[in-house]
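A.B. asks: One structure is given below, represented as structure tokens, and several questions about it will come after.
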Protein chains: 2
Amino acid sequence: MPNYLLRLSFDGTNYHGWQLQEHDRTVQGEIERAAAPLFGEAVRASGCSRTDAGVHANEFICNFHAKKQMDLSKMRAAMNFYLPDDIAVLECRTAPEDFHARFSCAGKEYVYQIWNGRIRNPFFNARALHINYPLDDALMDRAAKCLIGRHDFSAFCASGSSAHTTVRTITDARVVREGDLVCFYVSADGFLYNMVRIMAGTLIYISNGKIAFSRLPDIVEGGSREDAGYTVPARGLYLNRVFYKEGVLCPSGAEERTDA
Amino acid sequence: MPNYLLRLSFDGTNYHGWQLQEHDRTVQGEIERAAAPLFGEAVRASGCSRTDAGVHANEFICNFHAKKQMDLSKMRAAMNFYLPDDIAVLECRTAPEDFHARFSCAGKEYVYQIWNGRIRNPFFNARALHINYPLDDALMDRAAKCLIGRHDFSAFCASGSSAHTTVRTITDARVVREGDLVCFYVSADGFLYNMVRIMAGTLIYISNGKIAFSRLPDIVEGGSREDAGYTVPARGLYLNRVFYKEGVLCPSGAEERTDA
């Protein structure tokens, strides 16, 4: 039975995240609804990540098993035909039998976007957080670098998380400004609940002086949740890239991913 | 009585254009609704252009007269507070008594955006036309250049237009590709109804061979509507810049506008 892998992109504004919910519209729900008539059976899709309501994805990987053999190019066209316009299937592949979008995942990169103009930008309304005072992106970038490494990130984990361990390895973290858009990129082998949003809030607090830069190493090394910054809203958050072990799977554009 | 001028930007997705309508949400309606409590009277705003439903604006100028003297910086903050997030007031000014956003306007620049990737981009869903076969942007740019000059543009005017004359002067026209985004920029002293959208459709037809490039000069010079291309959808269209005579009014960033 083929194990189909889909590379997606979606604007999460109108969705209650990835994971299927009984009463709310979710990306998983739309994928399964689009696939059912195509495969002539109900499918159950696994996503690389649960995402919160309003979170976007430049790249998102899911997979499902189905009996029918499908031409992958036709499958992509048909899925895009059945899906709403704010979700796109960028690519369809077949994966090894035991491939699982979430459990096989070796790492992910998120980006958090901040519109840092004096006046809000209507075109970034549901796509970025608006901060109207000038952010010190150079200081934020230096602070982001302090997050890199293997640490117990419990200071950056929302309460109520069910994670067995709060130790994660951050492989890359940086803040880049392009005009009025300030982007916080962070790659890790895994993320705790709200981790990127709390980190982004912490970098903002470091920029505006609510948290001293000098305190950051202590917060990273065994601080508690109240030491870190606030949880910024979901609408600025994008899952940007998803990494799998070489050989197991190599999504297209993988040549760009050797840095992670 | 001060004549207030506002420089706006809006995402037109959720609006039935600029002009006030009895039953539909319009940008003019929102501006007047936000201004009324601020000025303690009903105001009537004039816009630089009527725009169709779904059309966006990177820059849009409107003006209204009101009795109350307002600090312009506070006025901008208050207007942005009362307005929905998909409309932004970028700047407030006072204009000469006889300034009228539409009648004083010397010219405008529109941009039409085409997402030219194989697969649709969820983030350009309501912001661009998707064309999934490769457009020849170099040919389209050469064709755009043929539009420049003073011509009777009746071939690029939707029927039912009430314009007294169909003669307009196009001062600049070009097609620029940035990755998968193809943008058609066009500046003129004025535009006929659907003119930019019919021109964009004509450039697309020239790229895909439905209209021969060699026929374009004849179409521009006295052709009729059926000779030109189709009317592309509103969602890719942006009012990009608005020009006024020097001295009469000089919106900020005017130094960038000397080319038009």
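Residues are named by chain letter and number: chains run A, B, ... in the order of the structure tokens, numbers start at 1 in each chain, and ligands are numbered from 1 in the order shown.
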Might you pull out every residue within 7 Å of Asn194 in chain A, with only C-alpha atoms counted and same-chain residues fewer than 3 positions away left off, and present them as a short mmCIF file (atom, residue, chain, number, x, y, z; two decimals) with N, CA, C and O atoms, in the first residue's frame?
C.D. replies:
```cif
data_model
loop_
_atom_site.label_atom_id
_atom_site.label_comp_id
_atom_site.auth_asym_id
_atom_site.auth_seq_id
_atom_site.Cartn_x
_atom_site.Cartn_y
_atom_site.Cartn_z
N CYS A 157 8.64 27.29 27.26
CA CYS A 157 7.62 26.29 27.02
C CYS A 157 6.34 26.69 27.76
O CYS A 157 6.38 26.95 28.96
N ALA A 158 5.23 26.74 27.03
CA ALA A 158 3.96 27.09 27.66
C ALA A 158 3.58 26.01 28.66
O ALA A 158 3.85 24.83 28.45
N ARG A 197 7.21 31.27 19.70
CA ARG A 197 6.48 32.50 20.02
C ARG A 197 6.99 33.11 21.32
O ARG A 197 7.03 34.34 21.46
N ILE A 198 7.40 32.30 22.30
CA ILE A 198 7.96 32.84 23.54
C ILE A 198 9.37 33.38 23.29
O ILE A 198 9.76 34.43 23.83
#
```
A.B. asks: Give me, as a list of chain:residue names, the residues of chain A touching chain B, with the criterion being at most 10 Å (counting only C-alpha atoms).
C.D. replies: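 Residues passing the distance filter: A:Leu8, A:Ser9, A:Phe10, A:Asp11, A:Gly12, A:His56, A:Ala57, A:Asn58, A:Arg76, A:Ala77, A:Asn80, A:Pro84, A:Asp85, A:Asp86, A:Ile87, A:Ala88, A:Val89, A:Leu90, A:Glu91, A:Arg118, A:Ile119, A:Arg120, A:Asn121, A:Pro122, A:Phe123, A:Phe124, A:Asn125, A:Ala126, A:Arg127.
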A.B. asks: Tell me which of B:Ala234, B:Leu20, B:Ala36, B:Val242 sits closest to Leu129 in chain B, counting only C-alpha atoms.
C.D. replies: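 Residue with the minimum atom-to-atom distance to Leu129 in chain B: B:Ala234.
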A.B. asks: Please compute the CA of Lys74 in chain B-CA of Met1 in chain B distance, one decimal, in Å.
C.D. replies: 18.3 Å
A.B. asks: When you look at range 44-50 of chain A with a cut-off of 7 Å (counting only C-alpha atoms), what residues show up, excluding the ones that are within fewer than 5 positions of it in the same chain? I need them as an mmCIF file with all heavy atoms, in the first residue's frame.
C.D. replies:
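around03.cif, written as the output of this step:
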```
data_model
loop_
_atom_site.group_PDB
_atom_site.id
_atom_site.type_symbol
_atom_site.label_atom_id
_atom_site.label_comp_id
_atom_site.auth_asym_id
_atom_site.auth_seq_id
_atom_site.Cartn_x
_atom_site.Cartn_y
_atom_site.Cartn_z
ATOM 1 N N GLY A 17 -5.454 25.529 12.836
ATOM 2 C CA GLY A 17 -4.255 24.707 12.873
ATOM 3 C C GLY A 17 -4.350 23.499 11.961
ATOM 4 O O GLY A 17 -5.272 23.361 11.154
ATOM 5 N N TRP A 18 -3.358 22.612 12.079
ATOM 6 C CA TRP A 18 -3.303 21.406 11.258
ATOM 7 C C TRP A 18 -4.311 20.367 11.709
ATOM 8 O O TRP A 18 -5.091 19.850 10.928
ATOM 9 C CB TRP A 18 -1.889 20.808 11.298
ATOM 10 C CG TRP A 18 -1.871 19.362 10.880
ATOM 11 C CD1 TRP A 18 -1.848 18.263 11.703
ATOM 12 C CD2 TRP A 18 -1.944 18.859 9.542
ATOM 13 N NE1 TRP A 18 -1.883 17.110 10.955
ATOM 14 C CE2 TRP A 18 -1.941 17.448 9.624
ATOM 15 C CE3 TRP A 18 -2.005 19.456 8.281
ATOM 16 C CZ2 TRP A 18 -2.003 16.625 8.493
ATOM 17 C CZ3 TRP A 18 -2.064 18.637 7.149
ATOM 18 C CH2 TRP A 18 -2.071 17.243 7.264
ATOM 19 N N GLN A 19 -4.296 20.075 13.003
ATOM 20 C CA GLN A 19 -4.917 18.848 13.495
ATOM 21 C C GLN A 19 -6.449 18.844 13.442
ATOM 22 O O GLN A 19 -7.096 19.812 13.829
ATOM 23 C CB GLN A 19 -4.464 18.598 14.939
ATOM 24 C CG GLN A 19 -4.688 17.179 15.384
ATOM 25 C CD GLN A 19 -3.925 16.883 16.668
ATOM 26 O OE1 GLN A 19 -3.663 17.779 17.465
ATOM 27 N NE2 GLN A 19 -3.556 15.639 16.865
ATOM 28 N N GLN A 28 -5.621 19.552 8.157
ATOM 29 C CA GLN A 28 -5.732 18.095 8.038
ATOM 30 C C GLN A 28 -7.106 17.705 7.502
ATOM 31 O O GLN A 28 -7.233 16.846 6.611
ATOM 32 C CB GLN A 28 -5.496 17.427 9.407
ATOM 33 C CG GLN A 28 -5.534 15.895 9.332
ATOM 34 C CD GLN A 28 -5.437 15.235 10.707
ATOM 35 O OE1 GLN A 28 -5.237 15.905 11.723
ATOM 36 N NE2 GLN A 28 -5.566 13.919 10.730
ATOM 37 N N GLU A 32 -7.739 15.579 4.042
ATOM 38 C CA GLU A 32 -8.435 14.295 4.041
ATOM 39 C C GLU A 32 -9.714 14.357 3.202
ATOM 40 O O GLU A 32 -10.072 13.405 2.515
ATOM 41 C CB GLU A 32 -8.741 13.870 5.482
ATOM 42 C CG GLU A 32 -7.447 13.593 6.264
ATOM 43 C CD GLU A 32 -7.673 13.135 7.695
ATOM 44 O OE1 GLU A 32 -8.848 13.099 8.144
ATOM 45 O OE2 GLU A 32 -6.668 12.808 8.370
ATOM 46 N N PHE A 60 5.203 22.432 4.649
ATOM 47 C CA PHE A 60 4.621 21.538 5.649
ATOM 48 C C PHE A 60 4.562 20.158 4.993
ATOM 49 O O PHE A 60 4.204 20.044 3.820
ATOM 50 C CB PHE A 60 3.203 22.013 6.014
ATOM 51 C CG PHE A 60 2.584 21.255 7.169
ATOM 52 C CD1 PHE A 60 2.562 21.788 8.454
ATOM 53 C CD2 PHE A 60 2.008 19.996 6.966
ATOM 54 C CE1 PHE A 60 1.988 21.098 9.515
ATOM 55 C CE2 PHE A 60 1.444 19.294 8.027
ATOM 56 C CZ PHE A 60 1.429 19.845 9.298
ATOM 57 N N ILE A 61 4.963 19.125 5.741
ATOM 58 C CA ILE A 61 4.964 17.769 5.176
ATOM 59 C C ILE A 61 3.884 16.932 5.862
ATOM 60 O O ILE A 61 3.753 16.970 7.091
ATOM 61 C CB ILE A 61 6.337 17.082 5.377
ATOM 62 C CG1 ILE A 61 7.474 17.943 4.791
ATOM 63 C CG2 ILE A 61 6.337 15.675 4.768
ATOM 64 C CD1 ILE A 61 7.527 18.043 3.299
ATOM 65 N N CYS A 62 3.102 16.217 5.061
ATOM 66 C CA CYS A 62 2.195 15.229 5.646
ATOM 67 C C CYS A 62 2.267 13.954 4.812
ATOM 68 O O CYS A 62 2.806 13.954 3.700
ATOM 69 C CB CYS A 62 0.764 15.767 5.728
ATOM 70 S SG CYS A 62 -0.093 15.900 4.157
ATOM 71 N N ASN A 63 1.782 12.870 5.371
ATOM 72 C CA ASN A 63 1.750 11.613 4.610
ATOM 73 C C ASN A 63 0.498 10.832 4.959
ATOM 74 O O ASN A 63 -0.100 11.038 6.022
ATOM 75 C CB ASN A 63 3.007 10.771 4.894
ATOM 76 C CG ASN A 63 2.974 10.105 6.248
ATOM 77 O OD1 ASN A 63 3.029 10.800 7.264
ATOM 78 N ND2 ASN A 63 2.887 8.778 6.285
ATOM 79 N N PHE A 64 0.090 9.969 4.036
ATOM 80 C CA PHE A 64 -1.011 9.040 4.314
ATOM 81 C C PHE A 64 -0.861 7.800 3.434
ATOM 82 O O PHE A 64 -0.263 7.854 2.362
ATOM 83 C CB PHE A 64 -2.381 9.707 4.115
ATOM 84 C CG PHE A 64 -2.635 10.264 2.744
ATOM 85 C CD1 PHE A 64 -3.033 9.441 1.689
ATOM 86 C CD2 PHE A 64 -2.514 11.630 2.504
ATOM 87 C CE1 PHE A 64 -3.289 9.971 0.430
ATOM 88 C CE2 PHE A 64 -2.761 12.173 1.242
ATOM 89 C CZ PHE A 64 -3.148 11.331 0.196
ATOM 90 N N HIS A 100 6.959 8.457 8.452
ATOM 91 C CA HIS A 100 5.886 9.145 9.172
ATOM 92 C C HIS A 100 6.293 10.610 9.256
ATOM 93 O O HIS A 100 7.379 10.942 9.758
ATOM 94 C CB HIS A 100 5.725 8.542 10.565
ATOM 95 C CG HIS A 100 4.560 9.109 11.338
ATOM 96 N ND1 HIS A 100 4.581 10.370 11.903
ATOM 97 C CD2 HIS A 100 3.345 8.575 11.633
ATOM 98 C CE1 HIS A 100 3.427 10.588 12.520
ATOM 99 N NE2 HIS A 100 2.659 9.515 12.369
ATOM 100 N N ALA A 101 5.440 11.484 8.752
ATOM 101 C CA ALA A 101 5.803 12.903 8.620
ATOM 102 C C ALA A 101 6.318 13.472 9.936
ATOM 103 O O ALA A 101 7.247 14.287 9.949
ATOM 104 C CB ALA A 101 4.599 13.701 8.124
ATOM 105 N N ARG A 102 5.739 13.040 11.062
ATOM 106 C CA ARG A 102 6.141 13.600 12.351
ATOM 107 C C ARG A 102 7.282 12.823 12.999
ATOM 108 O O ARG A 102 8.290 13.400 13.397
ATOM 109 C CB ARG A 102 4.927 13.625 13.290
ATOM 110 C CG ARG A 102 5.219 14.308 14.610
ATOM 111 C CD ARG A 102 3.939 14.631 15.338
ATOM 112 N NE ARG A 102 4.187 14.992 16.724
ATOM 113 C CZ ARG A 102 3.352 14.751 17.714
ATOM 114 N NH1 ARG A 102 2.194 14.137 17.459
ATOM 115 N NH2 ARG A 102 3.642 15.108 18.939
ATOM 116 N N CYS A 105 10.687 12.998 11.293
ATOM 117 C CA CYS A 105 11.212 14.352 11.106
ATOM 118 C C CYS A 105 12.483 14.577 11.931
ATOM 119 O O CYS A 105 12.534 14.276 13.122
ATOM 120 C CB CYS A 105 10.131 15.359 11.503
ATOM 121 S SG CYS A 105 10.647 17.069 11.307
#
```
A.B. asks: Give the strand (DSSP E or B) residues of range 38-168 of chain A, as assigned by DSSP on the backbone, as an MDAnalysis selection string.
C.D. replies: chainID A and resid 46:47 56:65 87:95 105:115 129:130 149:152 167:168
A.B. asks: Calculated over only C-alpha atoms, which of the candidates A:Phe103, A:Tyr4, A:Phe243, A:Phe213 has the smallest distance to Met140 in chain A?
C.D. replies: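 Residue with the minimum atom-to-atom distance to Met140 in chain A: A:Phe213.
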A.B. asks: Counting only C-alpha atoms, which of A:Val186, A:Cys92, A:Val27, A:Leu192 gets nearest to Leu237 in chain A?
C.D. replies: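 With only C-alpha atoms as the atom set, the closest residue is A:Val186.
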A.B. asks: Expressed in Å to a single decimal, how great is the separation between CA of Ile170 in chain A and CA of Glu109 in chain A?
C.D. replies: 9.7 Å
A.B. asks: Check the smallest atom-to-atom distance from each of B:Ile204, B:Arg235, B:Arg142, B:Arg241 to Asn14 in chain B using only C-alpha atoms, then report the winner.
C.D. replies: B:Arg235
A.B. asks: Using only C-alpha atoms, which protein or nucleic acid residues come within 7 Å of range 217-223 of chain B? Drop anything in the same chain fewer than 6 positions from it, and give the result as a VMD selection string.
C.D. replies: chain B and resid 146 to 147 151 to 153 155
A.B. asks: Excluding Asp137 in chain A and its own-chain neighbours fewer than 6 positions away, which residues fall within 7 Å of it when counting only C-alpha atoms? Please give them as a PyMOL selection string.
C.D. replies: chain A and resi 175-177
A.B. asks: Kindly export the residues of the current selection with C-alpha atoms, as an mmCIF file, in the first residue's frame.
C.D. replies:
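out_15.cif, freshly written:
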```cif
data_model
loop_
_atom_site.group_PDB
_atom_site.id
_atom_site.type_symbol
_atom_site.label_atom_id
_atom_site.label_comp_id
_atom_site.auth_asym_id
_atom_site.auth_seq_id
_atom_site.Cartn_x
_atom_site.Cartn_y
_atom_site.Cartn_z
ATOM 1 C CA VAL A 175 17.237 37.919 13.177
ATOM 2 C CA VAL A 176 17.210 39.539 9.751
ATOM 3 C CA ARG A 177 15.753 42.911 8.801
#
```
A.B. asks: Which polymer residues have any atom within 10 Å of an atom of Gly40 in chain B, counting only C-alpha atoms, with same-chain residues fewer than 6 positions away left out, as a ChimeraX atom specification?
C.D. replies: /B:66-68
A.B. asks: Quick one: of B:Phe39, B:Thr26, B:Val232, B:Val111, who's nearest to Glu59 in chain B, counting only C-alpha atoms?
C.D. replies: B:Val111
A.B. asks: Among range 100-208 of chain A, which ones does DSSP assign to alpha helix (DSSP H) (computed from the backbone)? Answer as a PyMOL selection string.
C.D. replies: chain A and resi 137-145+195-208
A.B. asks: I need the chosen residues saved as a PDB file, in the first residue's frame, with N, CA, C and O atoms.
C.D. replies:
```pdb
ATOM      1  N   ASP A 137      17.287  45.267  15.679  1.00  0.00           N
ATOM      2  CA  ASP A 137      17.432  43.931  15.087  1.00  0.00           C
ATOM      3  C   ASP A 137      18.850  43.369  15.266  1.00  0.00           C
ATOM      4  O   ASP A 137      19.031  42.156  15.348  1.00  0.00           O
ATOM      5  N   ALA A 138      19.856  44.253  15.362  1.00  0.00           N
ATOM      6  CA  ALA A 138      21.233  43.775  15.570  1.00  0.00           C
ATOM      7  C   ALA A 138      21.356  43.154  16.966  1.00  0.00           C
ATOM      8  O   ALA A 138      21.927  42.074  17.125  1.00  0.00           O
ATOM      9  N   LEU A 139      20.779  43.829  17.978  1.00  0.00           N
ATOM     10  CA  LEU A 139      20.782  43.276  19.342  1.00  0.00           C
ATOM     11  C   LEU A 139      19.968  41.981  19.400  1.00  0.00           C
ATOM     12  O   LEU A 139      20.382  40.997  20.031  1.00  0.00           O
ATOM     13  N   MET A 140      18.813  41.980  18.729  1.00  0.00           N
ATOM     14  CA  MET A 140      17.972  40.779  18.717  1.00  0.00           C
ATOM     15  C   MET A 140      18.712  39.614  18.064  1.00  0.00           C
ATOM     16  O   MET A 140      18.579  38.459  18.486  1.00  0.00           O
ATOM     17  N   ASP A 141      19.496  39.913  17.027  1.00  0.00           N
ATOM     18  CA  ASP A 141      20.257  38.858  16.354  1.00  0.00           C
ATOM     19  C   ASP A 141      21.318  38.291  17.294  1.00  0.00           C
ATOM     20  O   ASP A 141      21.514  37.071  17.368  1.00  0.00           O
ATOM     21  N   ARG A 142      21.983  39.180  18.049  1.00  0.00           N
ATOM     22  CA  ARG A 142      22.988  38.705  19.013  1.00  0.00           C
ATOM     23  C   ARG A 142      22.325  37.839  20.078  1.00  0.00           C
ATOM     24  O   ARG A 142      22.863  36.823  20.509  1.00  0.00           O
ATOM     25  N   ALA A 143      21.136  38.269  20.511  1.00  0.00           N
ATOM     26  CA  ALA A 143      20.397  37.501  21.519  1.00  0.00           C
ATOM     27  C   ALA A 143      19.977  36.138  20.954  1.00  0.00           C
ATOM     28  O   ALA A 143      20.074  35.107  21.635  1.00  0.00           O
ATOM     29  N   ALA A 144      19.517  36.139  19.688  1.00  0.00           N
ATOM     30  CA  ALA A 144      19.084  34.880  19.062  1.00  0.00           C
ATOM     31  C   ALA A 144      20.226  33.867  19.069  1.00  0.00           C
ATOM     32  O   ALA A 144      20.013  32.672  19.328  1.00  0.00           O
ATOM     33  N   LYS A 145      21.445  34.348  18.824  1.00  0.00           N
ATOM     34  CA  LYS A 145      22.613  33.456  18.782  1.00  0.00           C
ATOM     35  C   LYS A 145      22.839  32.754  20.127  1.00  0.00           C
ATOM     36  O   LYS A 145      23.392  31.653  20.172  1.00  0.00           O
ATOM     37  N   MET A 195       7.203  27.489  21.861  1.00  0.00           N
ATOM     38  CA  MET A 195       8.621  27.814  22.035  1.00  0.00           C
ATOM     39  C   MET A 195       9.061  28.982  21.150  1.00  0.00           C
ATOM     40  O   MET A 195       9.704  29.927  21.631  1.00  0.00           O
ATOM     41  N   VAL A 196       8.717  28.954  19.867  1.00  0.00           N
ATOM     42  CA  VAL A 196       9.164  30.013  18.964  1.00  0.00           C
ATOM     43  C   VAL A 196       8.492  31.338  19.337  1.00  0.00           C
ATOM     44  O   VAL A 196       9.131  32.396  19.341  1.00  0.00           O
ATOM     45  N   ARG A 197       7.212  31.270  19.698  1.00  0.00           N
ATOM     46  CA  ARG A 197       6.482  32.495  20.016  1.00  0.00           C
ATOM     47  C   ARG A 197       6.992  33.114  21.324  1.00  0.00           C
ATOM     48  O   ARG A 197       7.026  34.336  21.461  1.00  0.00           O
ATOM     49  N   ILE A 198       7.400  32.298  22.296  1.00  0.00           N
ATOM     50  CA  ILE A 198       7.963  32.840  23.543  1.00  0.00           C
ATOM     51  C   ILE A 198       9.369  33.385  23.290  1.00  0.00           C
ATOM     52  O   ILE A 198       9.757  34.425  23.828  1.00  0.00           O
ATOM     53  N   MET A 199      10.126  32.690  22.437  1.00  0.00           N
ATOM     54  CA  MET A 199      11.462  33.200  22.086  1.00  0.00           C
ATOM     55  C   MET A 199      11.355  34.539  21.363  1.00  0.00           C
ATOM     56  O   MET A 199      12.110  35.476  21.660  1.00  0.00           O
ATOM     57  N   ALA A 200      10.428  34.655  20.424  1.00  0.00           N
ATOM     58  CA  ALA A 200      10.245  35.921  19.706  1.00  0.00           C
ATOM     59  C   ALA A 200       9.859  37.034  20.682  1.00  0.00           C
ATOM     60  O   ALA A 200      10.385  38.153  20.622  1.00  0.00           O
ATOM     61  N   GLY A 201       8.973  36.714  21.621  1.00  0.00           N
ATOM     62  CA  GLY A 201       8.568  37.697  22.630  1.00  0.00           C
ATOM     63  C   GLY A 201       9.728  38.100  23.527  1.00  0.00           C
ATOM     64  O   GLY A 201       9.832  39.260  23.949  1.00  0.00           O
ATOM     65  N   THR A 202      10.620  37.148  23.795  1.00  0.00           N
ATOM     66  CA  THR A 202      11.798  37.433  24.613  1.00  0.00           C
ATOM     67  C   THR A 202      12.766  38.358  23.864  1.00  0.00           C
ATOM     68  O   THR A 202      13.312  39.304  24.452  1.00  0.00           O
ATOM     69  N   LEU A 203      12.954  38.108  22.578  1.00  0.00           N
ATOM     70  CA  LEU A 203      13.835  38.971  21.779  1.00  0.00           C
ATOM     71  C   LEU A 203      13.274  40.390  21.708  1.00  0.00           C
ATOM     72  O   LEU A 203      14.024  41.376  21.763  1.00  0.00           O
ATOM     73  N   ILE A 204      11.949  40.513  21.615  1.00  0.00           N
ATOM     74  CA  ILE A 204      11.318  41.845  21.602  1.00  0.00           C
ATOM     75  C   ILE A 204      11.559  42.538  22.951  1.00  0.00           C
ATOM     76  O   ILE A 204      11.909  43.716  22.996  1.00  0.00           O
ATOM     77  N   TYR A 205      11.415  41.807  24.052  1.00  0.00           N
ATOM     78  CA  TYR A 205      11.663  42.372  25.388  1.00  0.00           C
ATOM     79  C   TYR A 205      13.134  42.774  25.565  1.00  0.00           C
ATOM     80  O   TYR A 205      13.433  43.747  26.261  1.00  0.00           O
ATOM     81  N   ILE A 206      14.023  42.042  24.958  1.00  0.00           N
ATOM     82  CA  ILE A 206      15.442  42.417  25.024  1.00  0.00           C
ATOM     83  C   ILE A 206      15.669  43.703  24.236  1.00  0.00           C
ATOM     84  O   ILE A 206      16.391  44.598  24.671  1.00  0.00           O
ATOM     85  N   SER A 207      14.992  43.822  23.102  1.00  0.00           N
ATOM     86  CA  SER A 207      15.129  45.042  22.301  1.00  0.00           C
ATOM     87  C   SER A 207      14.569  46.256  23.035  1.00  0.00           C
ATOM     88  O   SER A 207      15.176  47.335  23.014  1.00  0.00           O
ATOM     89  N   ASN A 208      13.426  46.104  23.709  1.00  0.00           N
ATOM     90  CA  ASN A 208      12.816  47.283  24.344  1.00  0.00           C
ATOM     91  C   ASN A 208      13.241  47.459  25.805  1.00  0.00           C
ATOM     92  O   ASN A 208      12.731  48.345  26.497  1.00  0.00           O
TER      93      ASN A 208
END
```
